[in-house]
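Below is the file entry38.cif, which contains mmCIF, N, CA and C atoms and all ligand atoms.
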data_input
loop_
_atom_site.label_atom_id
_atom_site.label_comp_id
_atom_site.auth_asym_id
_atom_site.auth_seq_id
_atom_site.Cartn_x
_atom_site.Cartn_y
_atom_site.Cartn_z
N MET A 5 89.39 83.00 106.53
CA MET A 5 88.33 83.78 105.89
C MET A 5 87.31 82.84 105.26
N SER A 6 86.07 83.02 105.62
CA SER A 6 85.05 82.16 105.03
C SER A 6 83.98 83.01 104.36
N CYS A 7 83.39 82.43 103.32
CA CYS A 7 82.40 83.15 102.51
C CYS A 7 81.17 83.50 103.33
N PRO A 8 80.72 84.76 103.26
CA PRO A 8 79.53 85.16 104.01
C PRO A 8 78.24 84.55 103.46
N TYR A 9 78.31 83.97 102.27
CA TYR A 9 77.09 83.42 101.64
C TYR A 9 76.97 81.92 101.79
N CYS A 10 78.10 81.19 101.73
CA CYS A 10 78.00 79.73 101.80
C CYS A 10 78.94 79.12 102.83
N ASP A 11 79.72 79.98 103.50
CA ASP A 11 80.58 79.50 104.58
C ASP A 11 81.84 78.77 104.12
N SER A 12 82.03 78.64 102.81
CA SER A 12 83.22 77.96 102.32
C SER A 12 84.46 78.79 102.65
N ASP A 13 85.56 78.12 102.98
CA ASP A 13 86.78 78.89 103.22
C ASP A 13 87.86 78.55 102.19
N ASP A 14 87.45 77.93 101.10
CA ASP A 14 88.44 77.50 100.12
C ASP A 14 88.02 77.89 98.70
N GLY A 15 87.51 79.09 98.55
CA GLY A 15 87.10 79.53 97.22
C GLY A 15 85.76 78.92 96.87
N CYS A 16 84.87 79.72 96.30
CA CYS A 16 83.54 79.23 95.95
C CYS A 16 83.01 80.13 94.85
N GLU A 17 81.80 79.91 94.42
CA GLU A 17 81.26 80.68 93.29
C GLU A 17 81.01 82.14 93.64
N HIS A 18 81.06 82.48 94.93
CA HIS A 18 80.81 83.87 95.33
C HIS A 18 82.08 84.71 95.40
N LEU A 19 83.23 84.05 95.32
CA LEU A 19 84.50 84.74 95.55
C LEU A 19 84.90 85.56 94.33
N LEU A 20 84.90 86.88 94.48
CA LEU A 20 85.25 87.76 93.38
C LEU A 20 86.76 88.00 93.33
N LEU A 21 87.35 88.33 94.48
CA LEU A 21 88.78 88.65 94.46
C LEU A 21 89.38 88.62 95.86
N VAL A 22 90.58 88.04 95.96
CA VAL A 22 91.37 88.13 97.18
C VAL A 22 92.62 88.93 96.85
N ALA A 23 92.78 90.09 97.50
CA ALA A 23 93.93 90.95 97.24
C ALA A 23 94.82 91.00 98.47
N ASP A 24 96.11 90.78 98.24
CA ASP A 24 97.11 90.91 99.30
C ASP A 24 97.61 92.35 99.27
N THR A 25 97.14 93.16 100.21
CA THR A 25 97.44 94.59 100.14
C THR A 25 98.84 94.93 100.66
N ALA A 26 99.47 94.00 101.38
CA ALA A 26 100.85 94.25 101.81
C ALA A 26 101.80 94.10 100.63
N TRP A 27 101.51 93.19 99.73
CA TRP A 27 102.41 92.91 98.60
C TRP A 27 101.82 93.33 97.26
N CYS A 28 100.69 94.01 97.27
CA CYS A 28 100.05 94.43 96.02
C CYS A 28 99.90 93.26 95.04
N ALA A 29 99.35 92.17 95.52
CA ALA A 29 99.19 90.99 94.67
C ALA A 29 97.75 90.49 94.73
N PHE A 30 97.33 89.82 93.66
CA PHE A 30 95.99 89.24 93.63
C PHE A 30 96.12 87.73 93.74
N GLU A 31 95.48 87.18 94.77
CA GLU A 31 95.75 85.80 95.13
C GLU A 31 94.75 84.82 94.55
N ALA A 32 93.50 85.21 94.50
CA ALA A 32 92.47 84.25 94.09
C ALA A 32 91.21 84.99 93.71
N GLY A 33 90.27 84.24 93.15
CA GLY A 33 88.97 84.81 92.80
C GLY A 33 88.80 84.91 91.30
N GLU A 34 87.54 85.04 90.91
CA GLU A 34 87.16 85.05 89.51
C GLU A 34 87.83 86.20 88.73
N LEU A 35 88.07 87.32 89.39
CA LEU A 35 88.60 88.49 88.68
C LEU A 35 90.07 88.37 88.30
N VAL A 36 90.78 87.40 88.87
CA VAL A 36 92.22 87.33 88.65
C VAL A 36 92.57 87.25 87.15
N SER A 37 91.84 86.44 86.40
CA SER A 37 92.19 86.31 84.98
C SER A 37 91.82 87.58 84.21
N ALA A 38 90.75 88.27 84.64
CA ALA A 38 90.41 89.55 84.00
C ALA A 38 91.49 90.59 84.29
N ILE A 39 92.05 90.55 85.49
CA ILE A 39 93.11 91.48 85.86
C ILE A 39 94.37 91.20 85.03
N GLU A 40 94.66 89.91 84.82
CA GLU A 40 95.81 89.57 83.97
C GLU A 40 95.62 90.12 82.57
N GLY A 41 94.41 89.99 82.04
CA GLY A 41 94.11 90.53 80.71
C GLY A 41 94.27 92.04 80.67
N PHE A 42 93.84 92.70 81.73
CA PHE A 42 93.96 94.16 81.86
C PHE A 42 95.44 94.56 81.83
N HIS A 43 96.26 93.87 82.60
CA HIS A 43 97.70 94.15 82.62
C HIS A 43 98.33 93.92 81.25
N GLU A 44 97.92 92.83 80.59
CA GLU A 44 98.42 92.54 79.25
C GLU A 44 98.15 93.69 78.29
N LYS A 45 96.89 94.16 78.31
CA LYS A 45 96.51 95.25 77.41
C LYS A 45 97.32 96.50 77.68
N LEU A 46 97.49 96.82 78.96
CA LEU A 46 98.25 98.03 79.31
C LEU A 46 99.70 97.89 78.89
N ARG A 47 100.25 96.68 79.09
CA ARG A 47 101.64 96.45 78.69
C ARG A 47 101.82 96.66 77.20
N ALA A 48 100.89 96.07 76.43
CA ALA A 48 100.97 96.17 74.97
C ALA A 48 100.87 97.64 74.54
N LYS A 49 100.10 98.40 75.29
CA LYS A 49 99.84 99.77 74.90
C LYS A 49 100.94 100.74 75.33
N TYR A 50 101.50 100.51 76.52
CA TYR A 50 102.37 101.52 77.10
C TYR A 50 103.81 101.13 77.29
N LEU A 51 104.11 99.84 77.23
CA LEU A 51 105.48 99.45 77.50
C LEU A 51 106.15 98.91 76.25
N GLY A 52 107.47 99.04 76.21
CA GLY A 52 108.22 98.44 75.11
C GLY A 52 108.26 96.94 75.27
N LEU A 53 108.69 96.26 74.23
CA LEU A 53 108.70 94.80 74.23
C LEU A 53 109.59 94.22 75.33
N ASP A 54 110.61 94.97 75.71
CA ASP A 54 111.56 94.44 76.68
C ASP A 54 111.16 94.68 78.13
N ASP A 55 110.14 95.51 78.33
CA ASP A 55 109.75 95.82 79.69
C ASP A 55 108.68 94.86 80.17
N ASP A 56 108.96 94.20 81.27
CA ASP A 56 107.97 93.29 81.82
C ASP A 56 107.07 93.96 82.83
N ASN A 57 107.64 94.93 83.53
CA ASN A 57 106.90 95.51 84.64
C ASN A 57 106.72 97.02 84.50
N PHE A 58 105.66 97.51 85.07
CA PHE A 58 105.45 98.94 85.14
C PHE A 58 106.33 99.50 86.25
N PRO A 59 106.63 100.81 86.19
CA PRO A 59 107.33 101.43 87.31
C PRO A 59 106.54 101.22 88.60
N ALA A 60 107.25 101.19 89.73
CA ALA A 60 106.60 100.84 91.00
C ALA A 60 105.43 101.76 91.34
N ASP A 61 105.55 103.06 91.05
CA ASP A 61 104.45 103.97 91.40
C ASP A 61 103.22 103.69 90.54
N VAL A 62 103.45 103.36 89.27
CA VAL A 62 102.33 103.02 88.38
C VAL A 62 101.68 101.73 88.85
N GLU A 63 102.53 100.77 89.23
CA GLU A 63 102.03 99.48 89.73
C GLU A 63 101.10 99.69 90.93
N ARG A 64 101.51 100.57 91.83
CA ARG A 64 100.69 100.84 93.03
C ARG A 64 99.38 101.51 92.67
N ARG A 65 99.43 102.44 91.72
CA ARG A 65 98.18 103.13 91.34
C ARG A 65 97.24 102.19 90.60
N LEU A 66 97.82 101.30 89.79
CA LEU A 66 96.99 100.29 89.12
C LEU A 66 96.31 99.39 90.15
N PHE A 67 97.08 99.03 91.16
CA PHE A 67 96.56 98.16 92.22
C PHE A 67 95.34 98.83 92.87
N LYS A 68 95.47 100.13 93.14
CA LYS A 68 94.38 100.86 93.78
C LYS A 68 93.15 100.95 92.86
N ILE A 69 93.39 101.19 91.58
CA ILE A 69 92.28 101.24 90.62
C ILE A 69 91.52 99.92 90.60
N ILE A 70 92.28 98.82 90.57
CA ILE A 70 91.66 97.49 90.52
C ILE A 70 90.85 97.24 91.80
N LEU A 71 91.40 97.64 92.95
CA LEU A 71 90.65 97.47 94.21
C LEU A 71 89.38 98.32 94.21
N ASP A 72 89.48 99.55 93.70
CA ASP A 72 88.29 100.41 93.63
C ASP A 72 87.21 99.77 92.76
N LEU A 73 87.62 99.24 91.61
CA LEU A 73 86.65 98.59 90.72
C LEU A 73 86.03 97.37 91.38
N ALA A 74 86.88 96.53 91.99
CA ALA A 74 86.37 95.32 92.65
C ALA A 74 85.38 95.71 93.74
N ALA A 75 85.71 96.76 94.51
CA ALA A 75 84.82 97.20 95.59
C ALA A 75 83.48 97.68 95.03
N SER A 76 83.52 98.32 93.85
CA SER A 76 82.28 98.84 93.29
C SER A 76 81.38 97.71 92.78
N PHE A 77 81.95 96.56 92.45
CA PHE A 77 81.15 95.43 91.97
C PHE A 77 80.73 94.49 93.08
N ALA A 78 81.47 94.50 94.18
CA ALA A 78 81.25 93.49 95.22
C ALA A 78 80.02 93.80 96.06
N ASP A 79 79.38 92.75 96.58
CA ASP A 79 78.26 92.93 97.49
C ASP A 79 78.72 92.93 98.93
N LYS A 80 79.83 92.24 99.19
CA LYS A 80 80.39 92.23 100.55
C LYS A 80 81.90 92.24 100.49
N GLU A 81 82.47 92.81 101.53
CA GLU A 81 83.92 92.91 101.57
C GLU A 81 84.41 92.59 102.97
N ASP A 82 85.56 91.89 103.04
CA ASP A 82 86.18 91.57 104.32
C ASP A 82 87.61 92.07 104.33
N ASN A 83 88.08 92.44 105.49
CA ASN A 83 89.48 92.84 105.64
C ASN A 83 90.15 91.98 106.69
N PHE A 84 91.35 91.55 106.37
CA PHE A 84 92.12 90.78 107.34
C PHE A 84 93.48 91.41 107.53
N ASP A 85 93.86 91.57 108.75
CA ASP A 85 95.17 92.11 109.06
C ASP A 85 95.87 91.11 109.96
N LEU A 86 96.85 90.44 109.42
CA LEU A 86 97.51 89.39 110.20
C LEU A 86 98.91 89.86 110.57
N ASN A 87 98.97 90.71 111.55
CA ASN A 87 100.26 91.26 111.94
C ASN A 87 100.78 90.64 113.21
N ASP A 88 100.43 89.40 113.43
CA ASP A 88 100.82 88.77 114.68
C ASP A 88 102.28 88.32 114.68
N ARG A 89 102.85 88.15 113.49
CA ARG A 89 104.24 87.71 113.44
C ARG A 89 105.12 88.86 112.95
N PRO A 90 106.13 89.22 113.73
CA PRO A 90 106.99 90.35 113.35
C PRO A 90 107.68 90.08 112.00
N GLY A 91 107.70 91.08 111.15
CA GLY A 91 108.39 90.93 109.87
C GLY A 91 107.57 90.21 108.82
N LEU A 92 106.44 89.68 109.21
CA LEU A 92 105.60 88.97 108.25
C LEU A 92 104.22 89.61 108.18
N SER A 93 104.23 90.87 107.79
CA SER A 93 102.98 91.59 107.72
C SER A 93 102.11 91.04 106.60
N GLN A 94 100.88 90.72 106.90
CA GLN A 94 99.97 90.25 105.87
C GLN A 94 98.63 90.94 106.03
N ALA A 95 98.15 91.49 104.95
CA ALA A 95 96.84 92.14 104.99
C ALA A 95 96.10 91.80 103.71
N TYR A 96 94.84 91.45 103.87
CA TYR A 96 94.05 91.04 102.71
C TYR A 96 92.74 91.81 102.65
N ARG A 97 92.30 92.11 101.44
CA ARG A 97 90.93 92.53 101.22
C ARG A 97 90.28 91.45 100.36
N VAL A 98 89.12 91.00 100.79
CA VAL A 98 88.44 89.92 100.10
C VAL A 98 87.05 90.41 99.68
N PHE A 99 86.74 90.20 98.39
CA PHE A 99 85.48 90.70 97.84
C PHE A 99 84.59 89.53 97.42
N TYR A 100 83.30 89.64 97.77
CA TYR A 100 82.33 88.59 97.41
C TYR A 100 81.14 89.21 96.68
N CYS A 101 80.51 88.41 95.83
CA CYS A 101 79.20 88.76 95.27
C CYS A 101 78.19 87.75 95.79
N SER A 102 76.92 88.17 95.82
CA SER A 102 75.90 87.32 96.45
C SER A 102 75.55 86.08 95.63
N THR A 103 75.76 86.15 94.29
CA THR A 103 75.46 84.98 93.45
C THR A 103 76.54 84.81 92.38
N ALA A 104 76.59 83.61 91.82
CA ALA A 104 77.54 83.34 90.73
C ALA A 104 77.25 84.25 89.54
N GLN A 105 75.97 84.52 89.31
CA GLN A 105 75.57 85.41 88.23
C GLN A 105 76.16 86.81 88.41
N ARG A 106 76.13 87.31 89.64
CA ARG A 106 76.69 88.64 89.93
C ARG A 106 78.20 88.63 89.74
N VAL A 107 78.86 87.52 90.08
CA VAL A 107 80.31 87.41 89.87
C VAL A 107 80.60 87.50 88.37
N SER A 108 79.81 86.81 87.57
CA SER A 108 80.05 86.80 86.14
C SER A 108 79.76 88.18 85.52
N GLU A 109 78.75 88.88 86.04
CA GLU A 109 78.48 90.24 85.57
C GLU A 109 79.62 91.19 85.97
N ALA A 110 80.16 90.99 87.16
CA ALA A 110 81.28 91.82 87.62
C ALA A 110 82.50 91.59 86.72
N TYR A 111 82.72 90.34 86.34
CA TYR A 111 83.83 90.00 85.45
C TYR A 111 83.70 90.78 84.13
N ASP A 112 82.52 90.70 83.51
CA ASP A 112 82.28 91.40 82.24
C ASP A 112 82.43 92.91 82.40
N ALA A 113 81.90 93.43 83.49
CA ALA A 113 81.97 94.87 83.73
C ALA A 113 83.43 95.30 83.93
N PHE A 114 84.20 94.47 84.62
CA PHE A 114 85.61 94.80 84.81
C PHE A 114 86.34 94.86 83.48
N VAL A 115 86.10 93.87 82.62
CA VAL A 115 86.74 93.85 81.30
C VAL A 115 86.36 95.09 80.50
N ARG A 116 85.07 95.46 80.55
CA ARG A 116 84.61 96.64 79.80
C ARG A 116 85.17 97.94 80.36
N GLN A 117 85.22 98.07 81.69
CA GLN A 117 85.50 99.38 82.28
C GLN A 117 86.96 99.64 82.64
N SER A 118 87.77 98.59 82.81
CA SER A 118 89.07 98.81 83.43
C SER A 118 90.00 99.69 82.60
N ILE A 119 90.04 99.48 81.28
CA ILE A 119 90.94 100.27 80.45
C ILE A 119 90.49 101.75 80.44
N ASP A 120 89.20 101.98 80.26
CA ASP A 120 88.68 103.35 80.30
C ASP A 120 89.01 104.03 81.61
N TYR A 121 88.82 103.28 82.68
CA TYR A 121 89.07 103.81 84.01
C TYR A 121 90.54 104.20 84.15
N ALA A 122 91.43 103.34 83.70
CA ALA A 122 92.87 103.61 83.78
C ALA A 122 93.22 104.85 82.96
N GLU A 123 92.60 104.99 81.80
CA GLU A 123 92.95 106.11 80.95
C GLU A 123 92.37 107.42 81.47
N ARG A 124 91.21 107.33 82.11
CA ARG A 124 90.64 108.53 82.72
C ARG A 124 91.54 109.06 83.82
N GLU A 125 92.22 108.14 84.50
CA GLU A 125 93.11 108.55 85.58
C GLU A 125 94.35 109.28 85.05
N ARG A 126 94.65 109.08 83.77
CA ARG A 126 95.74 109.78 83.10
C ARG A 126 97.08 109.69 83.80
N PHE A 127 97.42 108.54 84.31
CA PHE A 127 98.71 108.49 84.99
C PHE A 127 99.83 108.00 84.08
N PHE A 128 99.49 107.68 82.86
CA PHE A 128 100.55 107.31 81.93
C PHE A 128 100.99 108.56 81.17
N CYS A 129 102.24 108.92 81.29
CA CYS A 129 102.71 110.14 80.63
C CYS A 129 103.17 109.81 79.22
N VAL A 130 102.23 109.58 78.36
CA VAL A 130 102.60 109.32 76.95
C VAL A 130 101.84 110.27 76.05
ZN ZN B 1 80.43 81.22 98.83
#

Show how you would write the structure in this file as structure tokens.
Ligand SMILES: [Zn+2]
Amino acid sequence: MSCPYCDSDDGCEHLLLVADTAWCAFEAGELVSAIEGFHEKLRAKYLGLDDDNFPADVERRLFKIILDLAASFADKEDNFDLNDRPGLSQAYRVFYCSTAQRVSEAYDAFVRQSIDYAERERFFCV
């Protein structure tokens, strides 16, 4: 996968987020640390001190919310489906912004909007 703006294939200032959709994981990009902060806040708010992880269904819905937000901020998106090896399904969604400035604005917008967005979805039964 190479950047549509600068052709780099090893991360660059345009890379917003690389999401592994087979494993519901975030691999790279500027948004990764904002997503970690988002998870931290939700954990502090909804989970007991001993719980490290959300229930699997909540985890999946959170993953979808984060992808929706990333898609709404991104200027370009790529999809990769690497199913050439049996048993090793890999699928990625990769989000880019056209400038470093847009990436930084997307970061701030994600921090501002993610908690509200999660609460609007009302999937936490508390
Ligand atoms: Zn680039």

In chain A, DSSP alpha helix (DSSP H) residues written as a PyMOL selection string
chain A and resi 35-50+60-77+104-125

Using only C-alpha atoms, pick whichever of A:Arg106, A:Leu71, A:Ala60, A:Glu31 has the shortest atom-to-atom distance to Glu17 of chain A.
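Smallest distance to Glu17 of chain A is found for A:Arg106.
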
Tell me which protein, DNA and RNA residues are within 12 Å of segment 22-29 of chain A, counting only C-alpha atoms, leaving out same-chain ones fewer than 5 positions away, and put them as a CSV table (one decimal) with N, CA and C atoms, in the coordinates of the input.
chain,number,residue,atom,x,y,z
A,5,MET,N,89.4,83.0,106.5
A,5,MET,CA,88.3,83.8,105.9
A,5,MET,C,87.3,82.8,105.3
A,6,SER,N,86.1,83.0,105.6
A,6,SER,CA,85.0,82.2,105.0
A,6,SER,C,84.0,83.0,104.4
A,7,CYS,N,83.4,82.4,103.3
A,7,CYS,CA,82.4,83.2,102.5
A,7,CYS,C,81.2,83.5,103.3
A,13,ASP,N,85.6,78.1,103.0
A,13,ASP,CA,86.8,78.9,103.2
A,13,ASP,C,87.9,78.6,102.2
A,14,ASP,N,87.4,77.9,101.1
A,14,ASP,CA,88.4,77.5,100.1
A,14,ASP,C,88.0,77.9,98.7
A,15,GLY,N,87.5,79.1,98.6
A,15,GLY,CA,87.1,79.5,97.2
A,15,GLY,C,85.8,78.9,96.9
A,16,CYS,N,84.9,79.7,96.3
A,16,CYS,CA,83.5,79.2,96.0
A,16,CYS,C,83.0,80.1,94.8
A,34,GLU,N,87.5,85.0,90.9
A,34,GLU,CA,87.2,85.0,89.5
A,34,GLU,C,87.8,86.2,88.7
A,35,LEU,N,88.1,87.3,89.4
A,35,LEU,CA,88.6,88.5,88.7
A,35,LEU,C,90.1,88.4,88.3
A,36,VAL,N,90.8,87.4,88.9
A,36,VAL,CA,92.2,87.3,88.6
A,36,VAL,C,92.6,87.2,87.2
A,39,ILE,N,92.0,90.6,85.5
A,39,ILE,CA,93.1,91.5,85.9
A,39,ILE,C,94.4,91.2,85.0
A,40,GLU,N,94.7,89.9,84.8
A,40,GLU,CA,95.8,89.6,84.0
A,40,GLU,C,95.6,90.1,82.6
A,60,ALA,N,107.2,101.2,89.7
A,60,ALA,CA,106.6,100.8,91.0
A,60,ALA,C,105.4,101.8,91.3
A,61,ASP,N,105.6,103.1,91.0
A,61,ASP,CA,104.4,104.0,91.4
A,61,ASP,C,103.2,103.7,90.5
A,62,VAL,N,103.4,103.4,89.3
A,62,VAL,CA,102.3,103.0,88.4
A,62,VAL,C,101.7,101.7,88.8
A,63,GLU,N,102.5,100.8,89.2
A,63,GLU,CA,102.0,99.5,89.7
A,63,GLU,C,101.1,99.7,90.9
A,64,ARG,N,101.5,100.6,91.8
A,64,ARG,CA,100.7,100.8,93.0
A,64,ARG,C,99.4,101.5,92.7
A,65,ARG,N,99.4,102.4,91.7
A,65,ARG,CA,98.2,103.1,91.3
A,65,ARG,C,97.2,102.2,90.6
A,66,LEU,N,97.8,101.3,89.8
A,66,LEU,CA,97.0,100.3,89.1
A,66,LEU,C,96.3,99.4,90.2
A,67,PHE,N,97.1,99.0,91.2
A,67,PHE,CA,96.6,98.2,92.2
A,67,PHE,C,95.3,98.8,92.9
A,68,LYS,N,95.5,100.1,93.1
A,68,LYS,CA,94.4,100.9,93.8
A,68,LYS,C,93.2,101.0,92.9
A,69,ILE,N,93.4,101.2,91.6
A,69,ILE,CA,92.3,101.2,90.6
A,69,ILE,C,91.5,99.9,90.6
A,70,ILE,N,92.3,98.8,90.6
A,70,ILE,CA,91.7,97.5,90.5
A,70,ILE,C,90.8,97.2,91.8
A,71,LEU,N,91.4,97.6,93.0
A,71,LEU,CA,90.6,97.5,94.2
A,71,LEU,C,89.4,98.3,94.2
A,72,ASP,N,89.5,99.6,93.7
A,72,ASP,CA,88.3,100.4,93.6
A,72,ASP,C,87.2,99.8,92.8
A,74,ALA,N,86.9,96.5,92.0
A,74,ALA,CA,86.4,95.3,92.6
A,74,ALA,C,85.4,95.7,93.7
A,75,ALA,N,85.7,96.8,94.5
A,75,ALA,CA,84.8,97.2,95.6
A,75,ALA,C,83.5,97.7,95.0
A,78,ALA,N,81.5,94.5,94.2
A,78,ALA,CA,81.2,93.5,95.2
A,78,ALA,C,80.0,93.8,96.1
A,81,GLU,N,82.5,92.8,101.5
A,81,GLU,CA,83.9,92.9,101.6
A,81,GLU,C,84.4,92.6,103.0
A,82,ASP,N,85.6,91.9,103.0
A,82,ASP,CA,86.2,91.6,104.3
A,82,ASP,C,87.6,92.1,104.3
A,83,ASN,N,88.1,92.4,105.5
A,83,ASN,CA,89.5,92.8,105.6
A,83,ASN,C,90.2,92.0,106.7
A,84,PHE,N,91.4,91.6,106.4
A,84,PHE,CA,92.1,90.8,107.3
A,84,PHE,C,93.5,91.4,107.5
A,85,ASP,N,93.9,91.6,108.8
A,85,ASP,CA,95.2,92.1,109.1
A,85,ASP,C,95.9,91.1,110.0
A,86,LEU,N,96.8,90.4,109.4
A,86,LEU,CA,97.5,89.4,110.2
A,86,LEU,C,98.9,89.9,110.6
A,87,ASN,N,99.0,90.7,111.6
A,87,ASN,CA,100.3,91.3,111.9
A,87,ASN,C,100.8,90.6,113.2
A,91,GLY,N,107.7,91.1,111.2
A,91,GLY,CA,108.4,90.9,109.9
A,91,GLY,C,107.6,90.2,108.8
A,92,LEU,N,106.4,89.7,109.2
A,92,LEU,CA,105.6,89.0,108.2
A,92,LEU,C,104.2,89.6,108.2
A,93,SER,N,104.2,90.9,107.8
A,93,SER,CA,103.0,91.6,107.7
A,93,SER,C,102.1,91.0,106.6
A,94,GLN,N,100.9,90.7,106.9
A,94,GLN,CA,100.0,90.2,105.9
A,94,GLN,C,98.6,90.9,106.0
A,95,ALA,N,98.2,91.5,105.0
A,95,ALA,CA,96.8,92.1,105.0
A,95,ALA,C,96.1,91.8,103.7
A,96,TYR,N,94.8,91.4,103.9
A,96,TYR,CA,94.0,91.0,102.7
A,96,TYR,C,92.7,91.8,102.6
A,97,ARG,N,92.3,92.1,101.4
A,97,ARG,CA,90.9,92.5,101.2
A,97,ARG,C,90.3,91.4,100.4
A,98,VAL,N,89.1,91.0,100.8
A,98,VAL,CA,88.4,89.9,100.1
A,98,VAL,C,87.0,90.4,99.7
A,99,PHE,N,86.7,90.2,98.4
A,99,PHE,CA,85.5,90.7,97.8
A,99,PHE,C,84.6,89.5,97.4
A,100,TYR,N,83.3,89.6,97.8
A,100,TYR,CA,82.3,88.6,97.4
A,100,TYR,C,81.1,89.2,96.7

Around ligand ZN 1 (chain B), which protein and nucleic acid residues have at least one atom no more than 6 Å from it, if we count only N, CA and C atoms and all ligand atoms? List them as a list in words.
Cys7, Pro8, Tyr9, Cys10, Asp11, Ser12, Cys16, Glu17, His18 and Leu19 of chain A

Report, in Å to a single decimal, how far apart atom CA of Ala110 of chain A and atom N of Phe42 of chain A are.
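Taking atom N of Phe42 of chain A and atom CA of Ala110 of chain A, their separation equals 13.9 Å.
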
Would you mind writing down, as a JSON list (two decimals) with N, CA and C atoms, in the frame of the given file, each residue of chain A that DSSP on the backbone assigns to strand (DSSP E or B)?
[["chain", "number", "residue", "atom", "x", "y", "z"],
["A", 19, "LEU", "N", 83.23, 84.05, 95.32],
["A", 19, "LEU", "CA", 84.50, 84.74, 95.55],
["A", 19, "LEU", "C", 84.90, 85.56, 94.33],
["A", 20, "LEU", "N", 84.90, 86.88, 94.48],
["A", 20, "LEU", "CA", 85.25, 87.76, 93.38],
["A", 20, "LEU", "C", 86.76, 88.00, 93.33],
["A", 21, "LEU", "N", 87.35, 88.33, 94.48],
["A", 21, "LEU", "CA", 88.78, 88.65, 94.46],
["A", 21, "LEU", "C", 89.38, 88.62, 95.86],
["A", 22, "VAL", "N", 90.58, 88.04, 95.96],
["A", 22, "VAL", "CA", 91.37, 88.13, 97.18],
["A", 22, "VAL", "C", 92.62, 88.93, 96.85],
["A", 23, "ALA", "N", 92.78, 90.09, 97.50],
["A", 23, "ALA", "CA", 93.93, 90.95, 97.24],
["A", 23, "ALA", "C", 94.82, 91.00, 98.47],
["A", 24, "ASP", "N", 96.11, 90.78, 98.24],
["A", 24, "ASP", "CA", 97.11, 90.91, 99.30],
["A", 24, "ASP", "C", 97.61, 92.35, 99.27],
["A", 29, "ALA", "N", 99.35, 92.17, 95.52],
["A", 29, "ALA", "CA", 99.19, 90.99, 94.67],
["A", 29, "ALA", "C", 97.75, 90.49, 94.73],
["A", 30, "PHE", "N", 97.33, 89.82, 93.66],
["A", 30, "PHE", "CA", 95.99, 89.24, 93.63],
["A", 30, "PHE", "C", 96.12, 87.73, 93.74],
["A", 31, "GLU", "N", 95.48, 87.18, 94.77],
["A", 31, "GLU", "CA", 95.75, 85.80, 95.13],
["A", 31, "GLU", "C", 94.75, 84.82, 94.55],
["A", 32, "ALA", "N", 93.50, 85.21, 94.50],
["A", 32, "ALA", "CA", 92.47, 84.25, 94.09],
["A", 32, "ALA", "C", 91.21, 84.99, 93.71],
["A", 80, "LYS", "N", 79.83, 92.24, 99.19],
["A", 80, "LYS", "CA", 80.39, 92.23, 100.55],
["A", 80, "LYS", "C", 81.90, 92.24, 100.49],
["A", 81, "GLU", "N", 82.47, 92.81, 101.53],
["A", 81, "GLU", "CA", 83.92, 92.91, 101.57],
["A", 81, "GLU", "C", 84.41, 92.59, 102.97],
["A", 82, "ASP", "N", 85.56, 91.89, 103.04],
["A", 82, "ASP", "CA", 86.18, 91.57, 104.32],
["A", 82, "ASP", "C", 87.61, 92.07, 104.33],
["A", 83, "ASN", "N", 88.08, 92.44, 105.49],
["A", 83, "ASN", "CA", 89.48, 92.84, 105.64],
["A", 83, "ASN", "C", 90.15, 91.98, 106.69],
["A", 84, "PHE", "N", 91.35, 91.55, 106.37],
["A", 84, "PHE", "CA", 92.12, 90.78, 107.34],
["A", 84, "PHE", "C", 93.48, 91.41, 107.53],
["A", 85, "ASP", "N", 93.86, 91.57, 108.75],
["A", 85, "ASP", "CA", 95.17, 92.11, 109.06],
["A", 85, "ASP", "C", 95.87, 91.11, 109.96],
["A", 86, "LEU", "N", 96.85, 90.44, 109.42],
["A", 86, "LEU", "CA", 97.51, 89.39, 110.20],
["A", 86, "LEU", "C", 98.91, 89.86, 110.57],
["A", 94, "GLN", "N", 100.88, 90.72, 106.90],
["A", 94, "GLN", "CA", 99.97, 90.25, 105.87],
["A", 94, "GLN", "C", 98.63, 90.94, 106.03],
["A", 95, "ALA", "N", 98.15, 91.49, 104.95],
["A", 95, "ALA", "CA", 96.84, 92.14, 104.99],
["A", 95, "ALA", "C", 96.10, 91.80, 103.71],
["A", 96, "TYR", "N", 94.84, 91.45, 103.87],
["A", 96, "TYR", "CA", 94.05, 91.04, 102.71],
["A", 96, "TYR", "C", 92.74, 91.81, 102.65],
["A", 97, "ARG", "N", 92.30, 92.11, 101.44],
["A", 97, "ARG", "CA", 90.93, 92.53, 101.22],
["A", 97, "ARG", "C", 90.28, 91.45, 100.36],
["A", 98, "VAL", "N", 89.12, 91.00, 100.79],
["A", 98, "VAL", "CA", 88.44, 89.92, 100.10],
["A", 98, "VAL", "C", 87.05, 90.41, 99.68],
["A", 99, "PHE", "N", 86.74, 90.20, 98.39],
["A", 99, "PHE", "CA", 85.48, 90.70, 97.84],
["A", 99, "PHE", "C", 84.59, 89.53, 97.42],
["A", 100, "TYR", "N", 83.30, 89.64, 97.77],
["A", 100, "TYR", "CA", 82.33, 88.59, 97.41],
["A", 100, "TYR", "C", 81.14, 89.21, 96.68]]

So what do you get for atom CA of His43 of chain A versus atom CA of Leu20 of chain A, distance-wise?
17.7 Å
